[in-house]
$ cat input-v4.cif   # mmCIF, C-alpha atoms
data_my_file
loop_
_atom_site.label_atom_id
_atom_site.label_comp_id
_atom_site.auth_asym_id
_atom_site.auth_seq_id
_atom_site.Cartn_x
_atom_site.Cartn_y
_atom_site.Cartn_z
CA MET A 1 -44.12 -28.00 -63.43
CA PRO A 2 -42.42 -26.00 -60.73
CA PHE A 3 -42.27 -22.74 -62.66
CA LYS A 4 -45.19 -21.07 -60.97
CA ASP A 5 -43.83 -21.78 -57.49
CA ILE A 6 -40.42 -20.37 -58.33
CA LEU A 7 -41.97 -17.31 -59.98
CA GLN A 8 -44.36 -16.76 -57.07
CA THR A 9 -41.54 -17.01 -54.53
CA MET A 10 -39.60 -14.41 -56.48
CA VAL A 11 -42.53 -12.01 -56.78
CA ASP A 12 -43.51 -12.44 -53.13
CA SER A 13 -39.92 -11.93 -51.93
CA VAL A 14 -39.08 -8.79 -53.87
CA GLU A 15 -40.65 -5.58 -52.60
CA GLY A 16 -42.55 -3.87 -55.40
CA ALA A 17 -42.54 -6.91 -57.69
CA VAL A 18 -45.84 -7.36 -59.51
CA GLY A 19 -45.20 -10.27 -61.85
CA ALA A 20 -42.73 -12.65 -63.43
CA VAL A 21 -42.83 -14.64 -66.64
CA VAL A 22 -40.67 -17.32 -68.22
CA MET A 23 -40.67 -16.69 -71.94
CA GLY A 24 -38.89 -17.31 -75.20
CA TYR A 25 -37.24 -14.85 -77.56
CA ASP A 26 -40.14 -15.68 -79.85
CA GLY A 27 -42.54 -13.98 -77.44
CA ILE A 28 -44.22 -17.16 -76.23
CA ALA A 29 -44.74 -17.29 -72.46
CA ILE A 30 -44.11 -20.67 -70.82
CA ASP A 31 -45.56 -19.73 -67.45
CA GLU A 32 -46.12 -16.68 -65.33
CA PHE A 33 -47.14 -15.38 -61.94
CA VAL A 34 -48.86 -12.02 -61.66
CA LYS A 35 -50.13 -10.44 -58.44
CA LYS A 36 -53.93 -10.20 -58.62
CA GLU A 37 -53.95 -6.69 -57.18
CA ASN A 38 -51.56 -5.37 -59.87
CA PRO A 39 -52.92 -6.64 -63.19
CA PHE A 40 -51.09 -5.61 -66.35
CA ASP A 41 -51.24 -6.65 -69.99
CA LEU A 42 -48.86 -9.58 -69.83
CA GLN A 43 -49.35 -10.59 -73.46
CA LEU A 44 -48.36 -7.14 -74.69
CA LEU A 45 -45.43 -7.04 -72.29
CA THR A 46 -44.07 -10.42 -73.40
CA ALA A 47 -44.42 -9.53 -77.09
CA GLU A 48 -42.61 -6.22 -76.60
CA TYR A 49 -39.84 -7.54 -74.40
CA ALA A 50 -39.20 -10.51 -76.68
CA ALA A 51 -38.44 -8.03 -79.48
CA VAL A 52 -36.13 -6.00 -77.23
CA LEU A 53 -34.29 -9.05 -75.95
CA LYS A 54 -33.80 -10.37 -79.46
CA GLU A 55 -32.30 -7.02 -80.48
CA VAL A 56 -29.99 -7.02 -77.46
CA LYS A 57 -28.91 -10.62 -78.06
CA GLY A 58 -28.00 -9.73 -81.65
CA THR A 59 -26.01 -6.69 -80.52
CA VAL A 60 -24.08 -8.68 -77.93
CA GLU A 61 -23.15 -11.21 -80.62
CA VAL A 62 -21.93 -8.49 -83.02
CA LEU A 63 -19.88 -6.86 -80.24
CA LYS A 64 -18.47 -10.25 -79.14
CA SER A 65 -19.17 -9.38 -75.49
CA GLY A 66 -19.70 -12.98 -74.46
CA LEU A 67 -23.01 -14.57 -73.52
CA LEU A 68 -25.88 -12.29 -72.57
CA GLN A 69 -26.80 -12.67 -68.90
CA GLU A 70 -29.18 -9.91 -67.93
CA VAL A 71 -30.97 -6.85 -69.26
CA SER A 72 -32.70 -4.29 -67.11
CA ILE A 73 -34.93 -1.46 -68.26
CA ASN A 74 -35.74 1.27 -65.73
CA THR A 75 -38.48 3.80 -66.38
CA GLU A 76 -40.23 6.38 -64.21
CA LEU A 77 -42.93 3.92 -63.28
CA SER A 78 -41.33 0.50 -63.26
CA THR A 79 -38.29 -1.70 -63.73
CA ALA A 80 -38.16 -4.82 -65.83
CA ILE A 81 -35.26 -7.22 -65.33
CA ALA A 82 -34.72 -10.05 -67.79
CA ARG A 83 -32.38 -12.86 -66.73
CA VAL A 84 -31.24 -15.29 -69.42
CA ILE A 85 -32.04 -18.90 -68.56
CA ASN A 86 -30.60 -20.57 -71.65
CA GLU A 87 -30.25 -20.08 -75.39
CA ASP A 88 -33.99 -19.89 -75.98
CA PHE A 89 -35.58 -18.63 -72.77
CA PHE A 90 -35.37 -15.90 -70.20
CA VAL A 91 -37.25 -14.91 -67.06
CA LEU A 92 -38.67 -11.41 -66.79
CA LEU A 93 -39.41 -9.80 -63.43
CA VAL A 94 -41.49 -6.61 -63.31
CA ILE A 95 -41.11 -4.29 -60.31
CA THR A 96 -43.10 -1.11 -59.90
CA GLY A 97 -41.40 2.18 -59.07
CA GLY A 98 -39.42 2.30 -55.84
CA GLY A 99 -39.26 -1.47 -55.51
CA ASN A 100 -36.13 -3.40 -54.63
CA PHE A 101 -34.05 -3.59 -57.81
CA GLY A 102 -31.04 -5.19 -56.14
CA LYS A 103 -33.11 -7.91 -54.53
CA GLY A 104 -34.84 -8.54 -57.84
CA ARG A 105 -31.47 -9.09 -59.54
CA PHE A 106 -30.34 -11.33 -56.71
CA TYR A 107 -33.40 -13.59 -56.85
CA LEU A 108 -33.25 -13.82 -60.64
CA ARG A 109 -29.58 -14.82 -60.52
CA ARG A 110 -30.33 -17.42 -57.89
CA GLU A 111 -33.44 -18.91 -59.50
CA ALA A 112 -32.35 -18.94 -63.15
CA PRO A 113 -30.44 -22.25 -62.82
CA LYS A 114 -33.50 -23.92 -61.24
CA LEU A 115 -35.62 -22.66 -64.13
CA ALA A 116 -33.03 -23.95 -66.61
CA GLU A 117 -33.25 -27.38 -65.03
CA ALA A 118 -37.05 -27.33 -65.11
CA LEU A 119 -36.89 -26.51 -68.81
CA GLN A 120 -34.88 -29.61 -69.73
CA MET B 1 -17.22 21.65 -73.58
CA PRO B 2 -17.16 19.93 -70.23
CA PHE B 3 -18.26 16.52 -71.49
CA LYS B 4 -14.83 14.91 -71.56
CA ASP B 5 -14.10 15.93 -67.97
CA ILE B 6 -17.39 14.53 -66.71
CA LEU B 7 -16.92 11.32 -68.69
CA GLN B 8 -13.33 10.93 -67.54
CA THR B 9 -14.28 11.46 -63.89
CA MET B 10 -16.91 8.76 -64.25
CA VAL B 11 -14.58 6.27 -65.92
CA ASP B 12 -11.75 6.97 -63.44
CA SER B 13 -14.09 6.64 -60.44
CA VAL B 14 -15.78 3.37 -61.35
CA GLU B 15 -13.70 0.24 -60.89
CA GLY B 16 -13.60 -1.72 -64.14
CA ALA B 17 -14.93 1.14 -66.28
CA VAL B 18 -13.19 1.37 -69.65
CA GLY B 19 -15.08 4.09 -71.47
CA ALA B 20 -18.06 6.40 -71.62
CA VAL B 21 -19.77 8.13 -74.51
CA VAL B 22 -22.51 10.73 -74.84
CA MET B 23 -24.53 9.81 -77.89
CA GLY B 24 -27.82 10.20 -79.68
CA TYR B 25 -30.43 7.62 -80.55
CA ASP B 26 -29.27 8.20 -84.13
CA GLY B 27 -25.90 6.63 -83.28
CA ILE B 28 -23.91 9.86 -83.45
CA ALA B 29 -21.43 10.28 -80.61
CA ILE B 30 -21.13 13.81 -79.16
CA ASP B 31 -18.04 13.08 -77.08
CA GLU B 32 -16.35 10.20 -75.38
CA PHE B 33 -13.60 9.14 -73.00
CA VAL B 34 -11.94 5.76 -73.45
CA LYS B 35 -9.07 4.41 -71.35
CA LYS B 36 -5.98 4.04 -73.54
CA GLU B 37 -5.12 0.68 -72.07
CA ASN B 38 -8.55 -0.81 -72.91
CA PRO B 39 -9.25 0.17 -76.52
CA PHE B 40 -12.49 -1.05 -78.07
CA ASP B 41 -14.38 -0.30 -81.26
CA LEU B 42 -16.35 2.70 -80.06
CA GLN B 43 -17.94 3.40 -83.43
CA LEU B 44 -19.37 -0.11 -83.64
CA LEU B 45 -20.51 0.06 -80.04
CA THR B 46 -22.33 3.36 -80.49
CA ALA B 47 -24.04 2.17 -83.67
CA GLU B 48 -25.20 -1.04 -82.02
CA TYR B 49 -26.36 0.52 -78.77
CA ALA B 50 -28.22 3.30 -80.56
CA ALA B 51 -30.30 0.61 -82.27
CA VAL B 52 -30.97 -1.16 -78.98
CA LEU B 53 -31.87 2.01 -77.13
CA LYS B 54 -34.23 3.07 -79.90
CA GLU B 55 -35.97 -0.31 -79.68
CA VAL B 56 -36.25 -0.03 -75.89
CA LYS B 57 -37.57 3.53 -76.08
CA GLY B 58 -40.28 2.40 -78.51
CA THR B 59 -41.25 -0.50 -76.24
CA VAL B 60 -41.48 1.73 -73.18
CA GLU B 61 -43.80 4.07 -75.10
CA VAL B 62 -46.06 1.21 -76.22
CA LEU B 63 -46.22 -0.15 -72.66
CA LYS B 64 -46.86 3.32 -71.25
CA SER B 65 -44.28 2.75 -68.50
CA GLY B 66 -43.36 6.40 -68.23
CA LEU B 67 -40.12 7.98 -69.39
CA LEU B 68 -37.15 5.71 -69.99
CA GLN B 69 -34.38 6.36 -67.47
CA GLU B 70 -31.78 3.65 -67.74
CA VAL B 71 -30.96 0.43 -69.58
CA SER B 72 -28.26 -1.99 -68.54
CA ILE B 73 -26.96 -4.95 -70.48
CA ASN B 74 -24.82 -7.49 -68.63
CA THR B 75 -22.83 -10.14 -70.45
CA GLU B 76 -20.11 -12.59 -69.41
CA LEU B 77 -17.40 -10.12 -70.31
CA SER B 78 -18.82 -6.66 -69.68
CA THR B 79 -21.67 -4.44 -68.58
CA ALA B 80 -23.01 -1.49 -70.51
CA ILE B 81 -25.21 1.01 -68.69
CA ALA B 82 -27.08 3.65 -70.66
CA ARG B 83 -28.51 6.58 -68.71
CA VAL B 84 -31.00 8.81 -70.52
CA ILE B 85 -29.94 12.47 -70.53
CA ASN B 86 -32.88 13.93 -72.44
CA GLU B 87 -35.21 13.15 -75.33
CA ASP B 88 -32.40 12.84 -77.86
CA PHE B 89 -29.28 11.78 -75.96
CA PHE B 90 -27.99 9.26 -73.48
CA VAL B 91 -24.67 8.49 -71.83
CA LEU B 92 -23.27 4.99 -72.11
CA LEU B 93 -20.76 3.63 -69.58
CA VAL B 94 -18.88 0.42 -70.37
CA ILE B 95 -17.51 -1.65 -67.49
CA THR B 96 -15.53 -4.83 -67.98
CA GLY B 97 -16.45 -7.99 -66.10
CA GLY B 98 -16.32 -7.82 -62.30
CA GLY B 99 -16.37 -4.04 -62.24
CA ASN B 100 -18.55 -1.98 -59.94
CA PHE B 101 -22.04 -1.99 -61.47
CA GLY B 102 -23.68 -0.20 -58.56
CA LYS B 103 -21.12 2.58 -58.57
CA GLY B 104 -21.50 2.92 -62.32
CA ARG B 105 -25.26 3.42 -61.95
CA PHE B 106 -24.71 5.89 -59.12
CA TYR B 107 -22.28 8.06 -61.09
CA LEU B 108 -24.49 8.00 -64.19
CA ARG B 109 -27.51 9.10 -62.16
CA ARG B 110 -25.50 11.86 -60.59
CA GLU B 111 -23.81 13.14 -63.74
CA ALA B 112 -26.72 12.91 -66.19
CA PRO B 113 -28.23 16.30 -65.13
CA LYS B 114 -24.84 18.02 -65.63
CA LEU B 115 -24.62 16.48 -69.10
CA ALA B 116 -28.18 17.62 -69.84
CA GLU B 117 -27.20 21.16 -68.90
CA ALA B 118 -24.06 21.04 -71.04
CA LEU B 119 -26.21 19.91 -73.99
CA GLN B 120 -28.47 22.97 -73.86
#

$ encode --input "input-v4.cif" --output "structure tokens"
Amino acid sequence: MPFKDILQTMVDSVEGAVGAVVMGYDGIAIDEFVKKENPFDLQLLTAEYAAVLKEVKGTVEVLKSGLLQEVSINTELSTAIARVINEDFFVLLVITGGGNFGKGRFYLRREAPKLAEALQ
Amino acid sequence: MPFKDILQTMVDSVEGAVGAVVMGYDGIAIDEFVKKENPFDLQLLTAEYAAVLKEVKGTVEVLKSGLLQEVSINTELSTAIARVINEDFFVLLVITGGGNFGKGRFYLRREAPKLAEALQ
């Protein structure tokens, strides 16, 4: 399964990135890559972001804004960018403060189709 | 109240922007500016985004990621960027597909402190 390679390439290529996970709206992680030197509670993160993404997906449907593509959440300390892969899964990239948000978005946009293919 | 001027400047300056609203996490809009030629159901939008932002705020607190600053939601047809003003309010900018996301974020970052001041 090529997930880990794709996720590692993304994390290694984006300044400030500390981890990436392919997960479902149900909170189940398919695979992930986390930098050893920046450990964080991935299970808690995936559970929390699954709930947020589900809420956003529902809102987008009510507002008839078309298919959801990406959600980003910026806080003082970090940025999380979720890129939709398909109807059931998305890839979440976590970047710590000051990292390269634009590059993160770019890599996610570029890699999402490869992840979609790997999920078939 | 200077809100409308600030919101109008933002909407007029960002290519693709169709409206902006200052609102609370409770869904109540303080003020808004919407382009006449691109009407949309602002009441529905504010209700839906208040729910999303509340969910995100809760998640950020659980994950201890520091204060929430910005949330963006990109779909096929539009992008909504919410910039936190203070503990109770945020400003939401709606940009239709292909508009200038980066400029939208820039203006929101720049104008949020002025809106915070006007809210005191």

$ closest_residue --input "input-v4.cif" --among "B:Lys57, B:Arg109, B:Lys64, B:Lys35" --to "Val94 in chain B" --atoms "all atoms listed in the file"
B:Lys35

$ atom_distance --input "input-v4.cif" --atom1 "CA of Met23 in chain A" --atom2 "CA of Leu119 in chain A"
11.0 Å

$ resolve_selection --input "input-v4.cif" --expression "the PyMOL selection byres ((chain A) within 7 of (chain B))" --output "PyMOL selection string"
chain A and resi 45+48+52+55-56+59+63+65-78

$ write_last_selection --input "input-v4.cif" --atoms "C-alpha atoms" --output "short mmCIF file (atom, residue, chain, number, x, y, z; two decimals), in the coordinates of the input"
data_model
loop_
_atom_site.label_atom_id
_atom_site.label_comp_id
_atom_site.auth_asym_id
_atom_site.auth_seq_id
_atom_site.Cartn_x
_atom_site.Cartn_y
_atom_site.Cartn_z
CA LEU A 45 -45.43 -7.04 -72.29
CA GLU A 48 -42.61 -6.22 -76.60
CA VAL A 52 -36.13 -6.00 -77.23
CA GLU A 55 -32.30 -7.02 -80.48
CA VAL A 56 -29.99 -7.02 -77.46
CA THR A 59 -26.01 -6.69 -80.52
CA LEU A 63 -19.88 -6.86 -80.24
CA SER A 65 -19.17 -9.38 -75.49
CA GLY A 66 -19.70 -12.98 -74.46
CA LEU A 67 -23.01 -14.57 -73.52
CA LEU A 68 -25.88 -12.29 -72.57
CA GLN A 69 -26.80 -12.67 -68.90
CA GLU A 70 -29.18 -9.91 -67.93
CA VAL A 71 -30.97 -6.85 -69.26
CA SER A 72 -32.70 -4.29 -67.11
CA ILE A 73 -34.93 -1.46 -68.26
CA ASN A 74 -35.74 1.27 -65.73
CA THR A 75 -38.48 3.80 -66.38
CA GLU A 76 -40.23 6.38 -64.21
CA LEU A 77 -42.93 3.92 -63.28
CA SER A 78 -41.33 0.50 -63.26
#

$ residues_around --input "input-v4.cif" --residues "Val21 in chain A" --least-positions-apart "5" --cutoff "8 Å" --atoms "all atoms listed in the file" --output "ChimeraX atom specification"
/A:7,29-33,91-93

$ write_last_selection --input "input-v4.cif" --atoms "C-alpha atoms" --output "PDB file, in the frame of the given file"
ATOM      1  CA  LEU A   7     -41.970 -17.310 -59.980  1.00  0.00           C
ATOM      2  CA  ALA A  29     -44.740 -17.290 -72.460  1.00  0.00           C
ATOM      3  CA  ILE A  30     -44.110 -20.670 -70.820  1.00  0.00           C
ATOM      4  CA  ASP A  31     -45.560 -19.730 -67.450  1.00  0.00           C
ATOM      5  CA  GLU A  32     -46.120 -16.680 -65.330  1.00  0.00           C
ATOM      6  CA  PHE A  33     -47.140 -15.380 -61.940  1.00  0.00           C
ATOM      7  CA  VAL A  91     -37.250 -14.910 -67.060  1.00  0.00           C
ATOM      8  CA  LEU A  92     -38.670 -11.410 -66.790  1.00  0.00           C
ATOM      9  CA  LEU A  93     -39.410  -9.800 -63.430  1.00  0.00           C
TER      10      LEU A  93
END

$ resolve_selection --input "input-v4.cif" --expression "the PyMOL selection byres ((chain B and resi 11-16) around 9)" --output "ChimeraX atom specification"
/B:6-10,17-20,33-35,93-101,103-104,107

$ closest_residue --input "input-v4.cif" --among "A:Glu37, A:Ile28, A:Val22, A:Gln43" --to "Leu108 in chain A" --atoms "all atoms listed in the file"
A:Val22

$ atom_distance --input "input-v4.cif" --atom1 "CA of Asn86 in chain A" --atom2 "CA of Leu115 in chain A"
9.3 Å

$ closest_residue --input "input-v4.cif" --among "A:Ala116, A:Lys36, A:Arg105, A:Lys4" --to "Phe90 in chain A" --atoms "all atoms listed in the file"
A:Ala116

$ build_atoms --input "input-v4.cif" --residues "range 79-94 of chain B" --atoms "N, CA, C and O atoms" --output "PDB file, in the coordinates of the input"
ATOM      1  N   THR B  79     -20.367  -5.029 -68.878  1.00  0.00           N
ATOM      2  CA  THR B  79     -21.670  -4.440 -68.580  1.00  0.00           C
ATOM      3  C   THR B  79     -21.723  -3.083 -69.243  1.00  0.00           C
ATOM      4  O   THR B  79     -20.775  -2.297 -69.135  1.00  0.00           O
ATOM      5  N   ALA B  80     -22.821  -2.808 -69.935  1.00  0.00           N
ATOM      6  CA  ALA B  80     -23.010  -1.490 -70.510  1.00  0.00           C
ATOM      7  C   ALA B  80     -24.238  -0.879 -69.833  1.00  0.00           C
ATOM      8  O   ALA B  80     -25.287  -1.532 -69.745  1.00  0.00           O
ATOM      9  N   ILE B  81     -24.084   0.325 -69.309  1.00  0.00           N
ATOM     10  CA  ILE B  81     -25.210   1.010 -68.690  1.00  0.00           C
ATOM     11  C   ILE B  81     -25.462   2.285 -69.474  1.00  0.00           C
ATOM     12  O   ILE B  81     -24.552   3.096 -69.658  1.00  0.00           O
ATOM     13  N   ALA B  82     -26.694   2.444 -69.936  1.00  0.00           N
ATOM     14  CA  ALA B  82     -27.080   3.650 -70.660  1.00  0.00           C
ATOM     15  C   ALA B  82     -28.019   4.459 -69.778  1.00  0.00           C
ATOM     16  O   ALA B  82     -29.047   3.950 -69.338  1.00  0.00           O
ATOM     17  N   ARG B  83     -27.660   5.702 -69.509  1.00  0.00           N
ATOM     18  CA  ARG B  83     -28.510   6.580 -68.710  1.00  0.00           C
ATOM     19  C   ARG B  83     -29.073   7.657 -69.634  1.00  0.00           C
ATOM     20  O   ARG B  83     -28.314   8.339 -70.340  1.00  0.00           O
ATOM     21  N   VAL B  84     -30.384   7.808 -69.649  1.00  0.00           N
ATOM     22  CA  VAL B  84     -31.000   8.810 -70.520  1.00  0.00           C
ATOM     23  C   VAL B  84     -30.680  10.214 -70.001  1.00  0.00           C
ATOM     24  O   VAL B  84     -30.816  10.487 -68.809  1.00  0.00           O
ATOM     25  N   ILE B  85     -30.241  11.085 -70.895  1.00  0.00           N
ATOM     26  CA  ILE B  85     -29.940  12.470 -70.530  1.00  0.00           C
ATOM     27  C   ILE B  85     -31.159  13.342 -70.825  1.00  0.00           C
ATOM     28  O   ILE B  85     -31.601  14.131 -69.994  1.00  0.00           O
ATOM     29  N   ASN B  86     -31.659  13.214 -72.050  1.00  0.00           N
ATOM     30  CA  ASN B  86     -32.880  13.930 -72.440  1.00  0.00           C
ATOM     31  C   ASN B  86     -33.524  13.173 -73.588  1.00  0.00           C
ATOM     32  O   ASN B  86     -33.145  12.028 -73.867  1.00  0.00           O
ATOM     33  N   GLU B  87     -34.462  13.830 -74.268  1.00  0.00           N
ATOM     34  CA  GLU B  87     -35.210  13.150 -75.330  1.00  0.00           C
ATOM     35  C   GLU B  87     -34.351  12.590 -76.458  1.00  0.00           C
ATOM     36  O   GLU B  87     -34.747  11.642 -77.129  1.00  0.00           O
ATOM     37  N   ASP B  88     -33.207  13.209 -76.688  1.00  0.00           N
ATOM     38  CA  ASP B  88     -32.400  12.840 -77.860  1.00  0.00           C
ATOM     39  C   ASP B  88     -31.079  12.143 -77.527  1.00  0.00           C
ATOM     40  O   ASP B  88     -30.486  11.523 -78.412  1.00  0.00           O
ATOM     41  N   PHE B  89     -30.608  12.278 -76.297  1.00  0.00           N
ATOM     42  CA  PHE B  89     -29.280  11.780 -75.960  1.00  0.00           C
ATOM     43  C   PHE B  89     -29.239  10.917 -74.703  1.00  0.00           C
ATOM     44  O   PHE B  89     -30.065  11.065 -73.812  1.00  0.00           O
ATOM     45  N   PHE B  90     -28.233  10.044 -74.681  1.00  0.00           N
ATOM     46  CA  PHE B  90     -27.990   9.260 -73.480  1.00  0.00           C
ATOM     47  C   PHE B  90     -26.485   9.108 -73.308  1.00  0.00           C
ATOM     48  O   PHE B  90     -25.713   9.372 -74.222  1.00  0.00           O
ATOM     49  N   VAL B  91     -26.088   8.719 -72.091  1.00  0.00           N
ATOM     50  CA  VAL B  91     -24.670   8.490 -71.830  1.00  0.00           C
ATOM     51  C   VAL B  91     -24.506   7.007 -71.541  1.00  0.00           C
ATOM     52  O   VAL B  91     -25.273   6.405 -70.797  1.00  0.00           O
ATOM     53  N   LEU B  92     -23.522   6.420 -72.204  1.00  0.00           N
ATOM     54  CA  LEU B  92     -23.270   4.990 -72.110  1.00  0.00           C
ATOM     55  C   LEU B  92     -21.948   4.783 -71.371  1.00  0.00           C
ATOM     56  O   LEU B  92     -20.933   5.375 -71.731  1.00  0.00           O
ATOM     57  N   LEU B  93     -21.965   3.957 -70.338  1.00  0.00           N
ATOM     58  CA  LEU B  93     -20.760   3.630 -69.580  1.00  0.00           C
ATOM     59  C   LEU B  93     -20.476   2.144 -69.771  1.00  0.00           C
ATOM     60  O   LEU B  93     -21.366   1.313 -69.600  1.00  0.00           O
ATOM     61  N   VAL B  94     -19.244   1.815 -70.149  1.00  0.00           N
ATOM     62  CA  VAL B  94     -18.880   0.420 -70.370  1.00  0.00           C
ATOM     63  C   VAL B  94     -17.924  -0.027 -69.260  1.00  0.00           C
ATOM     64  O   VAL B  94     -16.894   0.617 -69.015  1.00  0.00           O
TER      65      VAL B  94
END
